[in-house]
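Structure file upload-v3.csv; described as CSV, C-alpha atoms and all ligand atoms.
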chain,number,residue,atom,x,y,z
A,1,MET,CA,45.5,20.8,-137.3
A,2,ASN,CA,42.5,21.3,-134.9
A,3,ILE,CA,39.6,18.9,-135.4
A,4,PHE,CA,36.2,20.5,-134.9
A,5,LEU,CA,33.3,18.1,-134.4
A,6,VAL,CA,30.0,19.6,-135.4
A,7,GLY,CA,26.5,18.3,-135.8
A,8,MET,CA,23.1,18.0,-134.2
A,9,MET,CA,22.5,17.4,-130.5
A,10,GLY,CA,22.7,13.7,-129.7
A,11,THR,CA,25.0,12.7,-132.5
A,12,GLY,CA,27.8,11.8,-130.0
A,13,LYS,CA,30.2,14.7,-130.5
A,14,SER,CA,31.3,14.7,-126.9
A,15,SER,CA,31.8,10.9,-126.5
A,16,VAL,CA,33.5,10.6,-129.9
A,17,GLY,CA,35.7,13.7,-129.3
A,18,LYS,CA,37.0,12.4,-126.0
A,19,LEU,CA,37.9,9.0,-127.6
A,20,LEU,CA,39.5,10.6,-130.7
A,21,ALA,CA,41.6,13.1,-128.6
A,22,ARG,CA,42.8,10.2,-126.4
A,23,ASP,CA,43.7,8.2,-129.4
A,24,LEU,CA,45.5,11.0,-131.2
A,25,LEU,CA,47.2,12.1,-128.0
A,26,ILE,CA,46.0,15.6,-128.3
A,27,ASP,CA,43.9,17.9,-126.1
A,28,PHE,CA,40.2,17.7,-125.9
A,29,ILE,CA,37.8,20.6,-125.5
A,30,ASP,CA,34.1,20.4,-125.2
A,31,THR,CA,32.6,23.8,-125.7
A,32,ASP,CA,29.4,23.2,-123.6
A,33,ASN,CA,31.6,22.0,-120.7
A,34,GLU,CA,34.0,24.9,-121.0
A,35,ILE,CA,31.1,27.4,-121.0
A,36,GLU,CA,29.5,25.7,-118.0
A,37,SER,CA,32.8,25.8,-116.0
A,38,LYS,CA,33.6,29.3,-117.0
A,39,THR,CA,30.2,30.7,-116.0
A,40,GLY,CA,29.5,28.3,-113.2
A,41,MET,CA,26.1,27.8,-114.7
A,42,SER,CA,24.5,24.9,-116.5
A,43,ILE,CA,23.6,25.4,-120.2
A,44,GLU,CA,19.9,25.2,-119.2
A,45,LYS,CA,20.4,27.9,-116.6
A,46,ILE,CA,22.2,30.1,-119.0
A,47,PHE,CA,19.4,29.8,-121.6
A,48,GLU,CA,16.8,30.4,-118.8
A,49,GLU,CA,18.4,33.3,-117.1
A,50,ARG,CA,20.4,35.0,-119.8
A,51,GLY,CA,18.8,33.8,-123.0
A,52,GLU,CA,20.0,32.0,-126.1
A,53,SER,CA,21.8,35.0,-127.6
A,54,TYR,CA,24.0,35.4,-124.6
A,55,PHE,CA,24.9,31.7,-124.9
A,56,ARG,CA,25.8,32.2,-128.5
A,57,MET,CA,28.0,35.1,-127.6
A,58,LEU,CA,29.8,32.9,-125.1
A,59,GLU,CA,30.3,30.3,-127.8
A,60,LYS,CA,31.8,32.8,-130.2
A,61,GLU,CA,34.2,34.2,-127.5
A,62,LEU,CA,35.3,30.6,-126.7
A,63,VAL,CA,36.0,29.9,-130.4
A,64,GLN,CA,38.2,33.0,-130.5
A,65,LYS,CA,40.1,31.7,-127.5
A,66,ILE,CA,40.5,28.2,-128.9
A,67,LEU,CA,41.9,29.6,-132.1
A,68,LEU,CA,44.6,31.6,-130.2
A,69,ARG,CA,45.9,28.4,-128.5
A,70,ASN,CA,49.3,27.2,-129.7
A,71,LYS,CA,48.4,23.6,-129.3
A,72,VAL,CA,46.0,21.6,-131.4
A,73,ALA,CA,42.9,20.0,-130.0
A,74,VAL,CA,39.8,18.0,-130.8
A,75,VAL,CA,36.9,20.4,-130.2
A,76,SER,CA,33.4,19.0,-129.6
A,77,SER,CA,31.1,21.8,-130.3
A,78,GLY,CA,27.5,22.5,-129.2
A,79,GLY,CA,25.1,21.7,-132.0
A,80,GLY,CA,24.3,25.4,-132.8
A,81,LEU,CA,27.8,26.7,-132.6
A,82,CYS,CA,28.7,26.3,-136.3
A,83,ILE,CA,25.4,27.7,-137.4
A,84,GLN,CA,26.2,31.2,-136.3
A,85,PRO,CA,26.9,33.5,-139.3
A,86,GLY,CA,30.4,33.1,-140.7
A,87,MET,CA,31.3,30.4,-138.1
A,88,MET,CA,31.5,27.4,-140.4
A,89,LYS,CA,33.8,29.3,-142.8
A,90,LEU,CA,36.0,30.3,-139.9
A,91,LEU,CA,36.2,26.7,-138.5
A,92,LYS,CA,37.0,25.3,-141.9
A,93,LYS,CA,39.8,27.8,-142.4
A,94,GLN,CA,41.3,27.1,-139.0
A,95,GLY,CA,40.9,23.3,-138.8
A,96,TRP,CA,39.3,20.2,-140.1
A,97,VAL,CA,35.6,20.1,-139.6
A,98,VAL,CA,33.9,16.8,-139.2
A,99,CYS,CA,30.1,16.6,-139.0
A,100,LEU,CA,28.5,13.8,-137.1
A,101,TRP,CA,25.2,13.0,-138.8
A,102,ALA,CA,22.2,11.0,-137.4
A,103,SER,CA,18.6,10.5,-138.4
A,104,PRO,CA,15.9,12.4,-136.3
A,105,GLU,CA,14.6,9.1,-135.0
A,106,CYS,CA,18.0,8.0,-133.8
A,107,ILE,CA,18.7,11.4,-132.2
A,108,PHE,CA,15.3,11.3,-130.5
A,109,ALA,CA,16.0,7.8,-129.1
A,110,ARG,CA,19.3,8.9,-127.7
A,111,ILE,CA,18.1,12.1,-126.0
A,112,GLN,CA,14.6,11.4,-125.0
A,113,HIS,CA,15.4,10.7,-121.4
A,114,ASP,CA,17.8,13.6,-121.1
A,115,SER,CA,16.3,16.9,-120.1
A,116,THR,CA,19.4,19.0,-120.4
A,117,ARG,CA,18.7,20.5,-123.8
A,118,PRO,CA,16.6,23.6,-123.6
A,119,LEU,CA,15.8,23.7,-127.3
A,120,LEU,CA,14.2,20.3,-127.1
A,121,ARG,CA,11.9,21.0,-124.1
A,122,VAL,CA,8.9,21.2,-126.3
A,123,PRO,CA,5.7,19.1,-126.5
A,124,ASN,CA,6.9,17.3,-129.6
A,125,PRO,CA,10.7,16.9,-129.5
A,126,LEU,CA,10.8,14.6,-132.5
A,127,ALA,CA,9.1,17.2,-134.7
A,128,GLU,CA,11.4,19.9,-133.3
A,129,ILE,CA,14.5,17.8,-134.1
A,130,LYS,CA,13.3,17.4,-137.7
A,131,GLU,CA,12.7,21.1,-137.9
A,132,ILE,CA,16.1,22.0,-136.5
A,133,ILE,CA,17.8,19.6,-138.8
A,134,GLN,CA,15.9,21.0,-141.8
A,135,SER,CA,17.0,24.6,-140.9
A,136,ARG,CA,20.6,23.6,-140.2
A,137,LYS,CA,21.4,20.9,-142.7
A,138,ASN,CA,22.9,23.0,-145.4
A,139,THR,CA,25.5,24.3,-143.0
A,140,TYR,CA,26.2,20.9,-141.3
A,141,ARG,CA,26.6,19.3,-144.8
A,142,ASP,CA,29.2,22.0,-145.7
A,143,ALA,CA,31.7,20.3,-143.3
A,144,ASP,CA,34.9,18.9,-144.7
A,145,TYR,CA,34.0,15.3,-143.8
A,146,ILE,CA,30.6,13.8,-142.9
A,147,ILE,CA,30.1,10.6,-141.0
A,148,GLU,CA,26.8,8.7,-140.5
A,149,THR,CA,26.5,7.6,-136.9
A,150,ASP,CA,23.1,5.8,-136.7
A,151,ASN,CA,24.5,2.3,-136.5
A,152,GLN,CA,27.9,2.9,-135.2
A,153,SER,CA,29.4,3.0,-131.7
A,154,PRO,CA,31.5,6.0,-130.5
A,155,ASN,CA,34.6,3.8,-130.8
A,156,GLU,CA,33.9,2.9,-134.4
A,157,ILE,CA,33.1,6.5,-135.3
A,158,SER,CA,36.3,7.7,-133.6
A,159,SER,CA,38.4,5.1,-135.5
A,160,GLN,CA,36.9,6.1,-138.8
A,161,ILE,CA,37.6,9.8,-138.2
A,162,LYS,CA,41.1,9.0,-137.1
A,163,GLU,CA,41.8,6.9,-140.2
A,164,GLU,CA,40.5,9.7,-142.4
A,165,TYR,CA,42.5,12.4,-140.5
A,166,LEU,CA,45.8,10.4,-140.8
A,167,LYS,CA,45.0,9.8,-144.5
A,168,GLN,CA,44.5,13.5,-145.2
A,169,PHE,CA,47.0,15.1,-142.8
A,170,GLY,CA,49.6,12.4,-141.9
A,171,LYS,CA,50.8,12.8,-138.4
A,172,SER,CA,51.0,16.6,-138.5
B,201,LIG,C1,22.5,23.3,-128.8
B,201,LIG,C2,23.2,22.1,-128.6
B,201,LIG,C3,23.7,21.7,-127.2
B,201,LIG,C4,24.0,23.0,-126.4
B,201,LIG,C5,22.7,23.9,-126.4
B,201,LIG,C6,22.3,24.3,-127.8
B,201,LIG,C7,22.0,23.5,-130.2
B,201,LIG,O1,24.9,21.0,-127.4
B,201,LIG,O2,25.1,23.7,-126.9
B,201,LIG,O3,21.7,23.2,-125.7
B,201,LIG,O4,21.7,24.7,-130.5
B,201,LIG,O5,22.0,22.6,-131.0
B,201,LIG,P1,25.0,19.4,-127.9
B,201,LIG,O6,25.0,19.5,-129.4
B,201,LIG,O7,26.2,19.0,-127.3
B,201,LIG,O8,23.8,18.8,-127.3

Final structure tokens representation of the file:
Amino acid sequence: MNIFLVGMMGTGKSSVGKLLARDLLIDFIDTDNEIESKTGMSIEKIFEERGESYFRMLEKELVQKILLRNKVAVVSSGGGLCIQPGMMKLLKKQGWVVCLWASPECIFARIQHDSTRPLLRVPNPLAEIKEIIQSRKNTYRDADYIIETDNQSPNEISSQIKEEYLKQFGKS
């Protein structure tokens, strides 16, 4: 059973995914990293030179590729991936979808010194984070399992997800 980690930027999907995959002894895929290595361009550059819709198309193509693999993986997805039409439904059909949740303030504190997120390069990033959460929250909250991350370390979050995964799916 593939595990898809979804949720806002700055909720720790990449760090948690890596730990979880290591712990469960299964492959790890980070969609942003895959796209960067496939295109040889950074996410910022893709947005800048080809636009967001091109990036969204690359994300969709990558999901199709992941679903064709014959090995399971922990997949850490970019924050907007599951928001694309029909995507959440598809991910839920093909795997177990875990949403990492965090408050806007916590996300802001985590990402304020990181300039790699094109969507947050605006005069008031905190307000932008609130707005994006508002527009995406119904989809994020439709995940199979939601975990609050504000006061937890990546290790604690990963253990909690692992425990729930084993409870629901055993060692399959
Ligand atoms: C995005 C999130 C980013 C990256 C891109 C767009 C989004 O990934 O895919 O900047 O739309 O929320 P992270 O969630 O890993 O920051």

Ligand LIG 201 (chain B): which residues are within 7 Å, counting only C-alpha atoms and all ligand atoms, as JSON, numbers by chain? {"A": [7, 8, 9, 10, 13, 14, 32, 43, 77, 78, 79, 80, 81, 117, 118, 119]}

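Of the residues under consideration (A:Leu24, A:Lys18, A:Arg110, A:Thr11), A:Leu24 shows the shortest atom-to-atom contact distance to Glu163 of chain A when counting all atoms listed in the file.
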
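Minimum atom-to-atom distances from A:Cys82, A:Pro123, A:Trp101, A:Gln134 to Ile147 of chain A were compared using all atoms listed in the file, and the lowest value belongs to A:Trp101.
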
Between atom CA of Gly86 of chain A and atom CA of Lys45 of chain A lies a distance of 26.6 Å

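Using all atoms listed in the file, the shortest contact distance between Leu25 of chain A and any of A:Phe47, A:Ser53, A:Glu148, A:Ala73 is found at A:Ala73.
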
Here atom CA of Asp144 of chain A and atom CA of Val97 of chain A stand apart by 5.3 Å

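Here the question is which of A:Ser158, A:Thr31, A:Thr39, A:Gln168 gets nearest to Lys65 of chain A using all atoms listed in the file, and that residue is A:Thr31.
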
(request) Dig up all the protein and nucleic acid residues within 12 Å of (31.0, 19.8, -145.2) in the file frame, using only C-alpha atoms, and format them as a ChimeraX atom specification. (result) /A:4-7,82,88-89,91-92,96-101,137-147

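Interatomic distance, atom CA of Asp23 of chain A against atom CA of Ile107 of chain A: 25.4 Å.
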
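Using only C-alpha atoms, the smallest distance between any of A:Asn2, A:Leu58, A:Lys162, A:Ile129 and Gln112 of chain A comes from A:Ile129.
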
Min atom-atom distance to Pro104 of chain A from the set A:Ile133, A:Val122, A:Leu90, A:Ile157, counting only C-alpha atoms, belongs to A:Ile133

Take segment 137-148 of chain A, bring it up to all heavy atoms, and give me the output as a compact mmCIF listing (two decimals), in the frame of the given file.
# COMPACT_ATOMS: atom_id res chain seq x y z
N LYS A 137 20.65 21.90 -141.96
CA LYS A 137 21.40 20.90 -142.70
C LYS A 137 22.34 21.36 -143.75
O LYS A 137 23.40 20.78 -143.92
CB LYS A 137 20.39 19.82 -143.27
CG LYS A 137 19.53 20.25 -144.43
CD LYS A 137 18.80 19.00 -144.96
CE LYS A 137 18.13 19.21 -146.27
NZ LYS A 137 16.95 20.08 -146.29
N ASN A 138 22.02 22.47 -144.40
CA ASN A 138 22.90 23.00 -145.40
C ASN A 138 24.29 23.34 -144.80
O ASN A 138 25.34 23.11 -145.40
CB ASN A 138 22.36 24.15 -146.18
CG ASN A 138 21.23 23.71 -147.09
OD1 ASN A 138 21.08 22.52 -147.34
ND2 ASN A 138 20.43 24.67 -147.56
N THR A 139 24.23 23.92 -143.62
CA THR A 139 25.50 24.30 -143.00
C THR A 139 26.22 23.05 -142.48
O THR A 139 27.43 22.89 -142.73
CB THR A 139 25.20 25.24 -141.76
OG1 THR A 139 24.43 26.33 -142.23
CG2 THR A 139 26.49 25.74 -141.14
N TYR A 140 25.53 22.16 -141.81
CA TYR A 140 26.20 20.90 -141.30
C TYR A 140 26.84 20.19 -142.51
O TYR A 140 27.96 19.71 -142.43
CB TYR A 140 25.17 19.99 -140.68
CG TYR A 140 24.71 20.38 -139.29
CD1 TYR A 140 23.44 19.99 -138.82
CD2 TYR A 140 25.52 21.10 -138.42
CE1 TYR A 140 23.01 20.31 -137.54
CE2 TYR A 140 25.08 21.44 -137.14
CZ TYR A 140 23.83 21.03 -136.70
OH TYR A 140 23.40 21.34 -135.44
N ARG A 141 26.11 20.11 -143.61
CA ARG A 141 26.60 19.30 -144.80
C ARG A 141 27.75 20.03 -145.49
O ARG A 141 28.34 19.47 -146.42
CB ARG A 141 25.44 19.03 -145.71
CG ARG A 141 24.40 18.11 -145.08
CD ARG A 141 24.35 16.79 -145.83
NE ARG A 141 23.73 15.75 -145.01
CZ ARG A 141 24.12 14.48 -145.02
NH1 ARG A 141 25.12 14.10 -145.77
NH2 ARG A 141 23.52 13.60 -144.27
N ASP A 142 28.07 21.24 -145.06
CA ASP A 142 29.20 22.00 -145.70
C ASP A 142 30.52 21.59 -144.97
O ASP A 142 31.58 22.08 -145.33
CB ASP A 142 28.89 23.47 -145.50
CG ASP A 142 29.84 24.33 -146.26
OD1 ASP A 142 30.34 23.89 -147.31
OD2 ASP A 142 30.13 25.46 -145.78
N ALA A 143 30.45 20.71 -143.97
CA ALA A 143 31.70 20.30 -143.30
C ALA A 143 32.65 19.62 -144.23
O ALA A 143 32.28 19.21 -145.33
CB ALA A 143 31.29 19.29 -142.16
N ASP A 144 33.91 19.51 -143.80
CA ASP A 144 34.90 18.90 -144.70
C ASP A 144 34.71 17.39 -144.80
O ASP A 144 35.07 16.78 -145.80
CB ASP A 144 36.32 19.11 -144.05
CG ASP A 144 36.70 20.57 -143.99
OD1 ASP A 144 36.58 21.25 -145.03
OD2 ASP A 144 37.09 21.05 -142.91
N TYR A 145 34.14 16.79 -143.76
CA TYR A 145 34.00 15.30 -143.80
C TYR A 145 32.68 15.03 -142.98
O TYR A 145 32.45 15.61 -141.91
CB TYR A 145 35.17 14.69 -143.09
CG TYR A 145 35.19 13.18 -143.10
CD1 TYR A 145 35.27 12.47 -144.30
CD2 TYR A 145 35.17 12.46 -141.90
CE1 TYR A 145 35.30 11.08 -144.29
CE2 TYR A 145 35.22 11.07 -141.89
CZ TYR A 145 35.29 10.39 -143.09
OH TYR A 145 35.33 9.02 -143.09
N ILE A 146 31.84 14.14 -143.53
CA ILE A 146 30.60 13.80 -142.90
C ILE A 146 30.55 12.34 -142.53
O ILE A 146 30.91 11.52 -143.36
CB ILE A 146 29.37 14.19 -143.74
CG1 ILE A 146 29.38 15.69 -144.03
CG2 ILE A 146 28.05 13.80 -143.07
CD1 ILE A 146 28.40 16.12 -145.09
N ILE A 147 30.12 12.04 -141.33
CA ILE A 147 30.10 10.60 -141.00
C ILE A 147 28.71 10.27 -140.39
O ILE A 147 28.18 10.97 -139.55
CB ILE A 147 31.26 10.33 -139.99
CG1 ILE A 147 31.29 8.87 -139.59
CG2 ILE A 147 31.26 11.17 -138.75
CD1 ILE A 147 32.66 8.44 -139.12
N GLU A 148 28.17 9.19 -140.93
CA GLU A 148 26.80 8.70 -140.50
C GLU A 148 27.04 7.96 -139.16
O GLU A 148 27.91 7.09 -139.09
CB GLU A 148 26.23 7.77 -141.51
CG GLU A 148 26.02 8.36 -142.89
CD GLU A 148 24.84 9.33 -142.93
OE1 GLU A 148 23.96 9.22 -142.06
OE2 GLU A 148 24.82 10.19 -143.84
